[in-house]
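*Asks:* Sharing a structure with you now.
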Amino acid sequence: MTKSKSILCMSLLAATLISPSARGFADDDDRYDTRNQRQDLRQDQEQLEQLRQQRDREIREGDKRETREYNSKIRNLEKDMRRDRKDLNKDEREEHGNKDHDHE
């Protein structure tokens, strides 16, 4: 019984010491900042255009395997961008909705 108590106490102590220090290494990216989200979408759009150009180059060269890989990357990026735009629009609607209620 005392062994299990000491193990439990040590694990709780370790968790309390590690938690605050882990936050120091966390990414400081503020996902709720719409400016950052818009910048991320612009970067994704540029990356998408580059992928399309590379895919078109592979089509001209006749490499079907590489073309399929680029098509897959393009589809995944487009899917992520649609989800991000939807989240951004939802956040903006909520933000504007909250501002409207503050004036009443």
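FYI, nothing fancy with the structure tokens labels: chains A, B, ... in order, residues from 1 per chain, ligands from 1 as they appear.
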Need the shell around A:Glu66: protein/DNA/RNA residues with any atom at most 12 Å away, counting only C-alpha atoms. Skip same-chain ones fewer than 4 positions apart. Format as a PyMOL selection string?
*Replies:* chain A and resi 51-52+54-62+70-73
*Asks:* For N, CA, C and O atoms, I'd like the residues from the last selection saved as a compact mmCIF listing (two decimals), in the first residue's frame.
*Replies:*
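Contents of part21.txt, as written:
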```
# COMPACT_ATOMS: atom_id res chain seq x y z
N LEU A 51 2.16 23.63 -56.21
CA LEU A 51 1.88 22.21 -56.44
C LEU A 51 1.23 21.99 -57.80
O LEU A 51 1.57 21.03 -58.51
N ARG A 52 0.32 22.87 -58.16
CA ARG A 52 -0.32 22.75 -59.48
C ARG A 52 0.69 22.91 -60.60
O ARG A 52 0.64 22.19 -61.60
N GLN A 54 3.91 22.27 -60.44
CA GLN A 54 4.75 21.07 -60.46
C GLN A 54 4.01 19.89 -61.08
O GLN A 54 4.59 19.13 -61.86
N ARG A 55 2.72 19.78 -60.77
CA ARG A 55 1.92 18.71 -61.36
C ARG A 55 1.84 18.88 -62.87
O ARG A 55 2.03 17.91 -63.62
N ASP A 56 1.61 20.10 -63.34
CA ASP A 56 1.54 20.35 -64.78
C ASP A 56 2.87 20.02 -65.47
O ASP A 56 2.88 19.48 -66.57
N ARG A 57 3.97 20.32 -64.77
CA ARG A 57 5.29 19.98 -65.31
C ARG A 57 5.44 18.46 -65.45
O ARG A 57 5.95 17.97 -66.46
N GLU A 58 4.97 17.73 -64.45
CA GLU A 58 5.05 16.27 -64.50
C GLU A 58 4.15 15.71 -65.60
O GLU A 58 4.50 14.72 -66.24
N ILE A 59 3.01 16.34 -65.82
CA ILE A 59 2.12 15.90 -66.89
C ILE A 59 2.82 16.07 -68.23
O ILE A 59 2.78 15.17 -69.09
N ARG A 60 3.48 17.22 -68.41
CA ARG A 60 4.20 17.46 -69.67
C ARG A 60 5.33 16.45 -69.87
O ARG A 60 5.60 16.02 -70.98
N GLU A 61 5.98 16.08 -68.76
CA GLU A 61 7.08 15.11 -68.86
C GLU A 61 6.57 13.68 -69.00
O GLU A 61 7.34 12.79 -69.32
N GLY A 62 5.29 13.47 -68.71
CA GLY A 62 4.70 12.14 -68.87
C GLY A 62 4.86 11.22 -67.68
O GLY A 62 4.64 10.01 -67.80
N TYR A 70 1.09 14.38 -56.91
CA TYR A 70 0.77 15.81 -56.82
C TYR A 70 -0.73 16.03 -56.75
O TYR A 70 -1.20 16.90 -56.01
N ASN A 71 -1.50 15.25 -57.49
CA ASN A 71 -2.96 15.36 -57.42
C ASN A 71 -3.45 15.07 -56.01
O ASN A 71 -4.35 15.74 -55.50
N SER A 72 -2.87 14.07 -55.38
CA SER A 72 -3.26 13.73 -54.01
C SER A 72 -2.91 14.87 -53.05
O SER A 72 -3.72 15.25 -52.20
N LYS A 73 -1.71 15.44 -53.19
CA LYS A 73 -1.31 16.56 -52.33
C LYS A 73 -2.23 17.76 -52.55
O LYS A 73 -2.61 18.44 -51.60
```
*Asks:* Ranking A:Asp87, A:Glu95, A:Gln53, A:Asp33 by minimum distance to A:Thr67 and counting only C-alpha atoms, which one comes first?
*Replies:*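 The closest residue to A:Thr67 is A:Gln53.
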*Asks:* Please list as a list in words every residue within 8 Å of A:Leu41, counting only C-alpha atoms and excluding residues in the same chain fewer than 4 positions away.
*Replies:*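 Skipping anything fewer than 4 positions along the chain leaves Gln37, Gln45, Met81, Asp84 and Arg85 of chain A.
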*Asks:* Rounded to one decimal in Å, what is the spacing between atom CA of A:Gly97 and atom CA of A:Arg38?
*Replies:*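 Interatomic distance, atom CA of A:Gly97 to atom CA of A:Arg38: 19.6 Å.
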